file data35.txt (compact mmCIF, C-alpha atoms)
# COMPACT_ATOMS: atom_id res chain seq x y z
CA MET A 3 76.61 7.45 36.25
CA THR A 4 78.60 7.74 39.49
CA ARG A 5 77.37 4.40 40.80
CA THR A 6 78.19 2.75 37.47
CA ASN A 7 81.66 4.26 37.34
CA ASP A 8 82.32 3.13 40.90
CA LEU A 9 81.28 -0.42 40.04
CA LEU A 10 83.36 -0.45 36.85
CA HIS A 11 86.35 0.57 38.94
CA LEU A 12 85.62 -2.12 41.55
CA LEU A 13 85.29 -4.87 38.93
CA ASN A 14 88.06 -3.39 36.76
CA VAL A 15 86.00 -3.67 33.57
CA GLN A 16 85.11 -1.24 30.80
CA PHE A 17 81.39 -1.88 30.42
CA PRO A 18 78.62 -2.48 33.00
CA ILE A 19 77.64 -5.86 31.55
CA VAL A 20 78.05 -9.25 33.20
CA GLN A 21 77.63 -12.51 31.31
CA ALA A 22 75.72 -14.74 33.71
CA PRO A 23 77.34 -17.96 34.90
CA MET A 24 75.32 -20.86 33.47
CA VAL A 25 76.17 -24.46 34.32
CA GLY A 26 76.15 -26.50 31.14
CA VAL A 27 76.37 -23.42 28.91
CA SER A 28 79.16 -21.17 30.16
CA THR A 29 82.65 -22.10 29.02
CA PRO A 30 86.11 -20.65 29.52
CA GLN A 31 85.93 -19.60 25.86
CA LEU A 32 82.69 -17.66 26.42
CA ALA A 33 83.85 -16.02 29.63
CA ALA A 34 87.18 -15.03 28.11
CA ALA A 35 85.59 -13.61 24.97
CA VAL A 36 83.22 -11.48 27.05
CA SER A 37 85.99 -10.27 29.34
CA ASN A 38 88.30 -9.53 26.42
CA ALA A 39 85.49 -7.41 24.95
CA GLY A 40 85.45 -5.22 28.07
CA ALA A 41 82.57 -6.75 30.03
CA LEU A 42 82.72 -9.33 32.85
CA GLY A 43 82.67 -12.94 31.71
CA SER A 44 81.67 -15.71 34.10
CA ILE A 45 82.19 -19.42 34.57
CA ALA A 46 79.86 -21.59 36.65
CA LEU A 47 81.54 -23.87 39.19
CA GLY A 48 78.46 -24.93 41.15
CA ALA A 49 78.34 -28.45 39.70
CA SER A 50 82.12 -28.94 39.59
CA THR A 51 84.54 -30.77 41.84
CA THR A 52 87.36 -28.69 43.26
CA GLN A 53 89.75 -30.09 40.65
CA GLN A 54 87.33 -29.40 37.80
CA ALA A 55 86.77 -25.88 39.11
CA GLN A 56 90.48 -25.20 39.29
CA GLU A 57 90.96 -26.47 35.75
CA MET A 58 88.18 -24.20 34.49
CA ILE A 59 89.71 -21.17 36.20
CA GLN A 60 93.11 -21.96 34.73
CA ALA A 61 91.62 -22.58 31.27
CA THR A 62 89.86 -19.21 31.38
CA ARG A 63 92.97 -17.46 32.63
CA ALA A 64 94.91 -18.93 29.68
CA LEU A 65 92.50 -17.16 27.31
CA THR A 66 92.28 -13.75 29.00
CA ASP A 67 94.27 -11.51 31.30
CA LYS A 68 91.09 -9.58 32.11
CA PRO A 69 88.95 -10.06 35.24
CA PHE A 70 86.28 -12.77 35.18
CA ASN A 71 83.73 -14.08 37.67
CA VAL A 72 83.48 -17.59 39.13
CA ASN A 73 80.13 -18.63 40.54
CA LEU A 74 79.38 -21.02 43.42
CA PHE A 75 76.19 -22.60 44.78
CA CYS A 76 75.50 -21.96 48.48
CA HIS A 77 72.36 -24.06 48.88
CA ARG A 78 71.55 -26.03 52.00
CA PRO A 79 73.40 -29.34 51.62
CA ALA A 80 71.09 -32.12 50.47
CA VAL A 81 69.72 -34.64 52.95
CA ALA A 82 69.08 -38.09 51.52
CA ASN A 83 65.57 -39.48 51.99
CA PRO A 84 65.34 -42.99 50.48
CA VAL A 85 61.55 -43.17 50.75
CA ARG A 86 60.99 -39.82 49.04
CA GLU A 87 63.57 -40.65 46.38
CA ALA A 88 62.00 -44.05 45.67
CA THR A 89 58.58 -42.43 45.37
CA TRP A 90 59.97 -39.90 42.91
CA LEU A 91 61.54 -42.65 40.80
CA THR A 92 58.18 -44.46 40.76
CA HIS A 93 56.60 -41.24 39.50
CA LEU A 94 59.15 -41.12 36.67
CA ALA A 95 58.99 -44.82 35.76
CA PRO A 96 56.27 -44.45 33.06
CA PHE A 97 58.39 -41.86 31.25
CA PHE A 98 61.45 -44.11 31.28
CA ALA A 99 59.21 -46.93 30.00
CA GLU A 100 58.44 -44.88 26.89
CA PHE A 101 62.07 -45.39 25.93
CA GLY A 102 62.23 -49.06 26.88
CA THR A 103 64.24 -48.52 30.03
CA GLN A 104 63.86 -48.18 33.78
CA PRO A 105 64.76 -45.36 36.15
CA PRO A 106 67.99 -45.72 38.12
CA ALA A 107 67.82 -47.93 41.21
CA SER A 108 68.77 -45.01 43.44
CA LEU A 109 69.67 -41.33 43.31
CA THR A 110 72.79 -39.48 44.41
CA GLU A 111 73.82 -35.96 45.33
CA SER A 112 75.72 -35.34 42.12
CA TYR A 113 77.52 -32.25 43.41
CA LYS A 114 77.99 -30.64 46.79
CA SER A 115 77.13 -27.21 48.07
CA PHE A 116 80.01 -24.77 48.48
CA LEU A 117 78.95 -24.69 52.14
CA ALA A 118 80.12 -28.30 52.50
CA ASN A 119 83.32 -27.93 50.49
CA GLU A 120 86.07 -26.04 52.27
CA THR A 121 88.62 -27.43 49.81
CA MET A 122 86.90 -25.28 47.16
CA LEU A 123 87.53 -22.22 49.32
CA ASP A 124 91.19 -23.17 49.71
CA MET A 125 91.48 -23.52 45.94
CA LEU A 126 89.92 -20.09 45.37
CA LEU A 127 92.32 -18.52 47.85
CA THR A 128 95.17 -20.10 45.89
CA GLU A 129 93.94 -19.24 42.39
CA GLN A 130 92.61 -15.80 43.39
CA PRO A 131 90.12 -15.11 40.59
CA SER A 132 89.17 -11.44 40.40
CA VAL A 133 85.50 -11.99 41.24
CA VAL A 134 83.57 -14.72 43.10
CA SER A 135 79.77 -14.78 43.16
CA PHE A 136 77.29 -16.76 45.27
CA HIS A 137 73.90 -18.24 44.31
CA PHE A 138 71.18 -19.75 46.55
CA GLY A 139 72.54 -18.11 49.68
CA LEU A 140 75.76 -17.10 51.37
CA PRO A 141 78.87 -18.81 52.71
CA PRO A 142 80.11 -18.15 56.25
CA VAL A 143 81.10 -14.54 56.88
CA LYS A 144 84.65 -15.66 57.63
CA TRP A 145 84.92 -17.18 54.16
CA ILE A 146 83.79 -13.89 52.62
CA HIS A 147 86.41 -12.11 54.72
CA ASP A 148 89.08 -14.60 53.59
CA LEU A 149 88.20 -13.99 49.95
CA HIS A 150 88.45 -10.23 50.49
CA GLU A 151 91.82 -10.67 52.18
CA ALA A 152 92.95 -12.47 49.02
CA GLY A 153 91.94 -9.44 46.94
CA ILE A 154 88.77 -11.02 45.53
CA THR A 155 85.60 -8.98 44.91
CA THR A 156 82.40 -10.76 45.98
CA LEU A 157 78.89 -10.72 44.50
CA ALA A 158 75.73 -12.45 45.74
CA CYS A 159 72.26 -12.97 44.31
CA ALA A 160 69.12 -11.59 45.98
CA THR A 161 65.50 -12.16 44.96
CA THR A 162 63.99 -10.08 47.79
CA PRO A 163 64.92 -6.98 49.81
CA GLU A 164 65.37 -9.25 52.85
CA GLU A 165 67.97 -11.36 51.04
CA ALA A 166 69.72 -8.17 49.91
CA SER A 167 69.90 -7.06 53.55
CA LEU A 168 71.52 -10.38 54.53
CA ILE A 169 74.02 -9.98 51.70
CA GLU A 170 74.93 -6.48 52.81
CA ALA A 171 75.24 -7.55 56.47
CA ALA A 172 77.59 -10.37 55.46
CA GLY A 173 80.01 -7.88 53.92
CA VAL A 174 79.55 -8.86 50.27
CA ASP A 175 80.63 -6.12 47.85
CA VAL A 176 77.84 -6.18 45.24
CA VAL A 177 74.26 -7.48 45.11
CA ILE A 178 72.90 -9.18 41.99
CA VAL A 179 69.18 -8.42 41.91
CA GLN A 180 67.48 -11.36 40.17
CA GLY A 181 63.93 -10.84 38.97
CA VAL A 182 61.46 -13.63 38.36
CA GLU A 183 61.92 -13.16 34.59
CA ALA A 184 65.41 -14.67 34.72
CA GLY A 185 66.21 -17.99 33.10
CA GLY A 186 67.73 -20.87 35.03
CA HIS A 187 67.62 -21.36 38.76
CA ARG A 188 66.03 -18.83 41.03
CA GLY A 189 68.56 -17.55 43.56
CA VAL A 190 66.12 -17.77 46.46
CA PHE A 191 67.74 -18.58 49.80
CA ASP A 192 64.71 -20.68 50.82
CA PRO A 193 63.14 -22.37 47.77
CA LYS A 194 59.86 -22.87 49.64
CA HIS A 195 59.33 -19.12 49.91
CA ASP A 196 59.71 -17.33 46.59
CA GLU A 197 58.25 -13.81 46.44
CA ALA A 198 58.52 -13.94 42.60
CA ILE A 199 59.27 -10.20 42.31
CA GLY A 200 59.96 -8.81 38.84
CA THR A 201 63.33 -7.31 37.96
CA PHE A 202 62.32 -3.66 37.69
CA ALA A 203 60.26 -3.67 40.88
CA LEU A 204 63.07 -5.43 42.72
CA ILE A 205 65.69 -2.90 41.60
CA GLN A 206 63.60 -0.10 43.05
CA LEU A 207 62.79 -1.93 46.29
CA ILE A 208 66.42 -2.82 46.99
CA SER A 209 67.99 0.43 45.82
CA LYS A 210 65.94 2.39 48.37
CA HIS A 211 67.47 0.53 51.30
CA SER A 212 70.77 -1.04 50.25
CA ARG A 213 74.07 0.79 50.10
CA LEU A 214 75.52 -1.87 47.81
CA PRO A 215 75.87 -1.37 44.06
CA ILE A 216 73.20 -3.30 42.16
CA ILE A 217 73.63 -5.58 39.17
CA ALA A 218 70.19 -6.21 37.65
CA ALA A 219 69.33 -9.62 36.18
CA GLY A 220 66.21 -11.09 34.62
CA GLY A 221 64.63 -10.49 31.23
CA ILE A 222 67.34 -8.06 30.04
CA MET A 223 68.36 -8.86 26.45
CA ASP A 224 69.31 -5.64 24.71
CA GLY A 225 70.43 -2.05 25.16
CA GLN A 226 66.91 -0.86 25.80
CA GLY A 227 66.63 -3.21 28.76
CA ILE A 228 70.05 -2.18 30.02
CA ALA A 229 69.14 1.50 29.94
CA ALA A 230 65.81 0.88 31.67
CA ALA A 231 67.39 -1.11 34.50
CA MET A 232 70.06 1.52 35.06
CA ARG A 233 67.53 4.35 35.10
CA LEU A 234 65.80 2.58 37.96
CA GLY A 235 68.94 2.32 40.07
CA ALA A 236 71.09 -0.52 38.75
CA ALA A 237 74.80 0.17 38.33
CA ALA A 238 75.19 -2.70 35.84
CA VAL A 239 73.27 -5.61 34.35
CA GLN A 240 73.70 -9.37 34.09
CA LEU A 241 72.52 -11.24 30.98
CA GLY A 242 72.39 -15.01 30.64
CA THR A 243 69.91 -16.12 27.98
CA ALA A 244 71.30 -13.44 25.65
CA PHE A 245 74.62 -15.31 25.49
CA ILE A 246 73.34 -18.88 24.94
CA LEU A 247 73.40 -18.62 21.14
CA CYS A 248 76.98 -17.34 21.08
CA PRO A 249 79.23 -19.87 19.32
CA GLU A 250 81.49 -19.89 22.38
CA SER A 251 78.76 -21.36 24.61
CA SER A 252 78.39 -25.12 25.01
CA ALA A 253 74.65 -25.19 24.25
CA ASN A 254 73.91 -28.15 21.98
CA ALA A 255 72.19 -27.98 18.59
CA GLN A 256 68.76 -28.86 20.00
CA TYR A 257 68.97 -26.14 22.66
CA ARG A 258 69.99 -23.57 20.05
CA ALA A 259 67.20 -24.62 17.70
CA ALA A 260 64.60 -24.40 20.47
CA LEU A 261 65.80 -20.93 21.43
CA GLN A 262 65.26 -19.80 17.83
CA SER A 263 61.81 -21.34 17.55
CA GLU A 264 58.29 -20.64 18.77
CA ARG A 265 59.20 -22.41 22.02
CA ALA A 266 61.30 -19.43 23.09
CA TYR A 267 58.07 -17.50 23.67
CA HIS A 268 56.94 -19.99 26.32
CA THR A 269 58.88 -20.31 29.56
CA GLN A 270 57.79 -21.41 33.01
CA ILE A 271 59.25 -22.06 36.44
CA THR A 272 59.31 -25.55 37.91
CA ALA A 273 61.10 -27.23 40.80
CA ALA A 274 60.43 -30.71 39.40
CA ILE A 275 63.55 -30.71 37.24
CA SER A 276 66.20 -30.19 39.92
CA GLY A 277 64.47 -29.80 43.28
CA ARG A 278 64.72 -26.00 43.22
CA PRO A 279 62.61 -23.55 41.17
CA ALA A 280 64.09 -22.69 37.78
CA ARG A 281 62.79 -21.15 34.54
CA GLY A 282 63.12 -22.86 31.19
CA MET A 283 61.43 -23.44 27.86
CA VAL A 284 58.31 -25.52 28.33
CA ASN A 285 58.43 -29.20 27.38
CA ARG A 286 57.21 -32.42 28.99
CA LEU A 287 59.32 -31.81 32.09
CA PHE A 288 56.95 -28.92 32.79
CA THR A 289 53.67 -30.29 31.47
CA ASP A 290 53.90 -34.01 32.33
CA VAL A 291 56.54 -34.57 35.00
CA ASP A 292 55.45 -31.52 37.00
CA ARG A 293 51.70 -31.92 37.44
CA PRO A 294 49.21 -31.16 40.24
CA ASP A 295 49.58 -34.58 41.89
CA VAL A 296 53.37 -34.58 41.80
CA PRO A 297 54.86 -36.30 44.88
CA ALA A 298 57.26 -34.58 47.26
CA LEU A 299 60.57 -33.80 45.60
CA PRO A 300 63.91 -35.13 46.79
CA ASP A 301 66.35 -32.46 47.92
CA TYR A 302 68.27 -30.39 45.38
CA PRO A 303 70.32 -31.56 43.52
CA ILE A 304 69.23 -35.18 44.09
CA THR A 305 66.09 -34.59 41.99
CA TYR A 306 68.36 -33.39 39.19
CA ASP A 307 70.07 -36.79 39.13
CA ALA A 308 66.80 -38.42 38.09
CA THR A 309 66.01 -35.78 35.45
CA LYS A 310 69.42 -36.14 33.84
CA ALA A 311 68.93 -39.91 33.60
CA LEU A 312 65.52 -39.44 31.96
CA SER A 313 66.84 -36.80 29.59
CA ALA A 314 69.73 -39.07 28.58
CA ALA A 315 67.36 -41.98 27.91
CA ALA A 316 65.18 -39.79 25.69
CA ASN A 317 68.08 -38.10 23.92
CA ALA A 318 69.61 -41.47 23.07
CA GLN A 319 66.53 -42.15 20.95
CA GLY A 320 66.47 -38.72 19.33
CA ASN A 321 63.73 -37.43 21.60
CA TYR A 322 64.29 -34.03 23.23
CA ASP A 323 60.95 -33.66 24.99
CA PHE A 324 62.74 -34.03 28.33
CA ALA A 325 65.78 -31.85 27.60
CA VAL A 326 66.71 -29.27 30.21
CA GLN A 327 66.72 -25.95 28.36
CA TRP A 328 66.86 -23.00 30.73
CA ALA A 329 65.78 -19.61 29.34
CA GLY A 330 64.37 -16.31 30.58
CA GLN A 331 61.07 -14.68 29.69
CA ALA A 332 62.55 -12.61 26.85
CA ALA A 333 64.30 -15.63 25.32
CA SER A 334 62.95 -14.96 21.84
CA LEU A 335 65.17 -11.86 21.68
CA ALA A 336 68.38 -13.92 21.81
CA ARG A 337 70.82 -13.30 18.97
CA ALA A 338 73.29 -15.74 17.42
CA LEU A 339 76.34 -13.51 17.55
CA PRO A 340 79.94 -14.11 18.62
CA ALA A 341 80.30 -13.02 22.24
CA ALA A 342 82.56 -10.04 21.49
CA GLN A 343 80.17 -8.80 18.81
CA LEU A 344 77.21 -9.22 21.15
CA VAL A 345 78.94 -7.14 23.84
CA GLU A 346 79.76 -4.46 21.26
CA THR A 347 76.14 -4.49 20.05
CA LEU A 348 74.74 -4.24 23.57
CA VAL A 349 77.01 -1.32 24.42
CA HIS A 350 76.06 0.49 21.20
CA GLU A 351 72.36 -0.04 21.86
CA TRP A 352 72.72 1.13 25.47
CA HIS A 353 74.57 4.28 24.43
CA SER A 354 71.91 4.97 21.78
CA GLU A 355 69.19 4.75 24.42
CA ASN A 356 71.06 7.29 26.51
CA GLY A 357 71.29 9.70 23.59
call {"tool": "encode", "arguments": {"input": "data35.txt", "output": "structure tokens"}}
result
Amino acid sequence: MTRTNDLLHLLNVQFPIVQAPMVGVSTPQLAAAVSNAGALGSIALGASTTQQAQEMIQATRALTDKPFNVNLFCHRPAVANPVREATWLTHLAPFFAEFGTQPPASLTESYKSFLANETMLDMLLTEQPSVVSFHFGLPPVKWIHDLHEAGITTLACATTPEEASLIEAAGVDVVIVQGVEAGGHRGVFDPKHDEAIGTFALIQLISKHSRLPIIAAGGIMDGQGIAAAMRLGAAAVQLGTAFILCPESSANAQYRAALQSERAYHTQITAAISGRPARGMVNRLFTDVDRPDVPALPDYPITYDATKALSAAANAQGNYDFAVQWAGQAASLARALPAAQLVETLVHEWHSENG
């Protein structure tokens, strides 16, 4: 338990549980409830402007005086390609036609990478959240140093031992080990090269070489999973899908219903939704939009701009076959509990597994 105790001290939390940051699902209310219960709540700022991000931090801080994590996307900034984007819109046109509409005339980069947004860094240095985490890669080493100078603990996601080595070399404090079972976007640095390593194998591979404390993520939904991950070398765990059904999340009624249906047993990874590989519950975005003859995708998140337009057109007519519903491989184990009660339940189950 030494590694766990050290991490609890570093994060200043009571329990080794992190609620994953999930764009479109995480809210200040969810993060605050988790943090107030003794775990580490998270808000997702990857798709936010600097002003929106600041408002979310302040809204969370108004609900808790406990530490919480803010998450940023460090993907390679998108490069517009009008020909590729037009081809992708042509590919989607028949689906829009089903709803009596046409795809948008053009696509945009709906949000920027943290790497291209130094004003976001300045805001973080002003607001000084307790924890900042990175997904899809790393910011400049100087930025990591600046965050440390401001008293901020840093976390970064790795999907391979090589990525974990880069994270350690950059001076990040903690590595989040994300297995292929995880819901939502894969944290791969290069989306064209995904090793697709499972959570438990990845914990063991990284723990043998990294000096950093490990937070395990991917397919962990209950105390049994927590105990198993920690026996293999994790100091803590991160759960995302487990928190979607909490009343404090912003998941809509259709998402919640799907997660409590047969569909929760069927998840896949596709890049055709956003331009980067991500796991969700299978619907026509996976079976029809992403098919063997799919054309080259626009850069992330430009592809996402098209998917959101298609989803909105379908939703407007009561059709949710094109809804984006991220979920991990153990999604069917999700429980509709208030966040504080879920944290309490997870801790009880974990302690029971440890005897």
call {"tool": "closest_residue", "arguments": {"input": "data35.txt", "among": "A:Ala61, A:Val143, A:Ala46, A:Leu109", "to": "Ala308 (chain A)", "atoms": "all atoms listed in the file"}}
result
A:Leu109
call {"tool": "residues_around", "arguments": {"input": "data35.txt", "residues": "Ala333 (chain A)", "least_positions_apart": "6", "cutoff": "7 Å", "atoms": "all atoms listed in the file", "output": "PDB file with C-alpha atoms, in the frame of the given file"}}
result
ATOM      1  CA  THR A 243      69.910 -16.120  27.980  1.00  0.00           C
ATOM      2  CA  LEU A 261      65.800 -20.930  21.430  1.00  0.00           C
ATOM      3  CA  ALA A 266      61.300 -19.430  23.090  1.00  0.00           C
ATOM      4  CA  TYR A 267      58.070 -17.500  23.670  1.00  0.00           C
TER       5      TYR A 267
END
call {"tool": "residues_around", "arguments": {"input": "data35.txt", "residues": "Ser354 (chain A)", "least_positions_apart": "6", "cutoff": "10 Å", "atoms": "all atoms listed in the file", "output": "ChimeraX atom specification"}}
result
/A:225-226,229,348
call {"tool": "closest_residue", "arguments": {"input": "data35.txt", "among": "A:Lys144, A:Arg86, A:Arg293, A:Lys210", "to": "Thr305 (chain A)", "atoms": "all atoms listed in the file"}}
result
A:Arg86
call {"tool": "closest_residue", "arguments": {"input": "data35.txt", "among": "A:Val182, A:Phe245, A:Thr6, A:Asn317", "to": "Pro23 (chain A)", "atoms": "all atoms listed in the file"}}
result
A:Phe245
call {"tool": "residues_near_point", "arguments": {"input": "data35.txt", "point": "(73.6, -16.1, 45.1)", "cutoff": "6 Å", "atoms": "only C-alpha atoms", "output": "list in words"}}
result
Phe136, His137, Phe138, Gly139, Ala158, Cys159 and Gly189 of chain A
call {"tool": "build_atoms", "arguments": {"input": "data35.txt", "residues": "region 316-328 of chain A", "atoms": "N, CA and C atoms", "output": "mmCIF file, keeping the file's coordinate frame"}}
result
data_model
loop_
_atom_site.group_PDB
_atom_site.id
_atom_site.type_symbol
_atom_site.label_atom_id
_atom_site.label_comp_id
_atom_site.auth_asym_id
_atom_site.auth_seq_id
_atom_site.Cartn_x
_atom_site.Cartn_y
_atom_site.Cartn_z
ATOM 1 N N ALA A 316 65.946 -40.339 26.818
ATOM 2 C CA ALA A 316 65.180 -39.790 25.690
ATOM 3 C C ALA A 316 66.103 -39.334 24.569
ATOM 4 N N ASN A 317 67.145 -38.620 24.924
ATOM 5 C CA ASN A 317 68.080 -38.100 23.920
ATOM 6 C C ASN A 317 68.705 -39.216 23.099
ATOM 7 N N ALA A 318 68.975 -40.341 23.754
ATOM 8 C CA ALA A 318 69.610 -41.470 23.070
ATOM 9 C C ALA A 318 68.749 -41.993 21.930
ATOM 10 N N GLN A 319 67.445 -41.717 22.003
ATOM 11 C CA GLN A 319 66.530 -42.150 20.950
ATOM 12 C C GLN A 319 66.047 -40.983 20.089
ATOM 13 N N GLY A 320 66.798 -39.869 20.153
ATOM 14 C CA GLY A 320 66.470 -38.720 19.330
ATOM 15 C C GLY A 320 65.257 -37.949 19.781
ATOM 16 N N ASN A 321 64.886 -38.121 21.051
ATOM 17 C CA ASN A 321 63.730 -37.430 21.600
ATOM 18 C C ASN A 321 64.218 -36.374 22.586
ATOM 19 N N TYR A 322 63.803 -35.117 22.382
ATOM 20 C CA TYR A 322 64.290 -34.030 23.230
ATOM 21 C C TYR A 322 63.158 -33.387 24.030
ATOM 22 N N ASP A 323 62.077 -34.167 24.218
ATOM 23 C CA ASP A 323 60.950 -33.660 24.990
ATOM 24 C C ASP A 323 61.264 -33.509 26.472
ATOM 25 N N PHE A 324 62.367 -34.105 26.917
ATOM 26 C CA PHE A 324 62.740 -34.030 28.330
ATOM 27 C C PHE A 324 64.103 -33.344 28.507
ATOM 28 N N ALA A 325 64.501 -32.571 27.508
ATOM 29 C CA ALA A 325 65.780 -31.850 27.600
ATOM 30 C C ALA A 325 65.642 -30.670 28.553
ATOM 31 N N VAL A 326 66.692 -30.414 29.304
ATOM 32 C CA VAL A 326 66.710 -29.270 30.210
ATOM 33 C C VAL A 326 67.240 -28.070 29.427
ATOM 34 N N GLN A 327 66.366 -27.111 29.180
ATOM 35 C CA GLN A 327 66.720 -25.950 28.360
ATOM 36 C C GLN A 327 66.288 -24.680 29.079
ATOM 37 N N TRP A 328 67.171 -24.195 29.957
ATOM 38 C CA TRP A 328 66.860 -23.000 30.730
ATOM 39 C C TRP A 328 66.799 -21.774 29.815
#
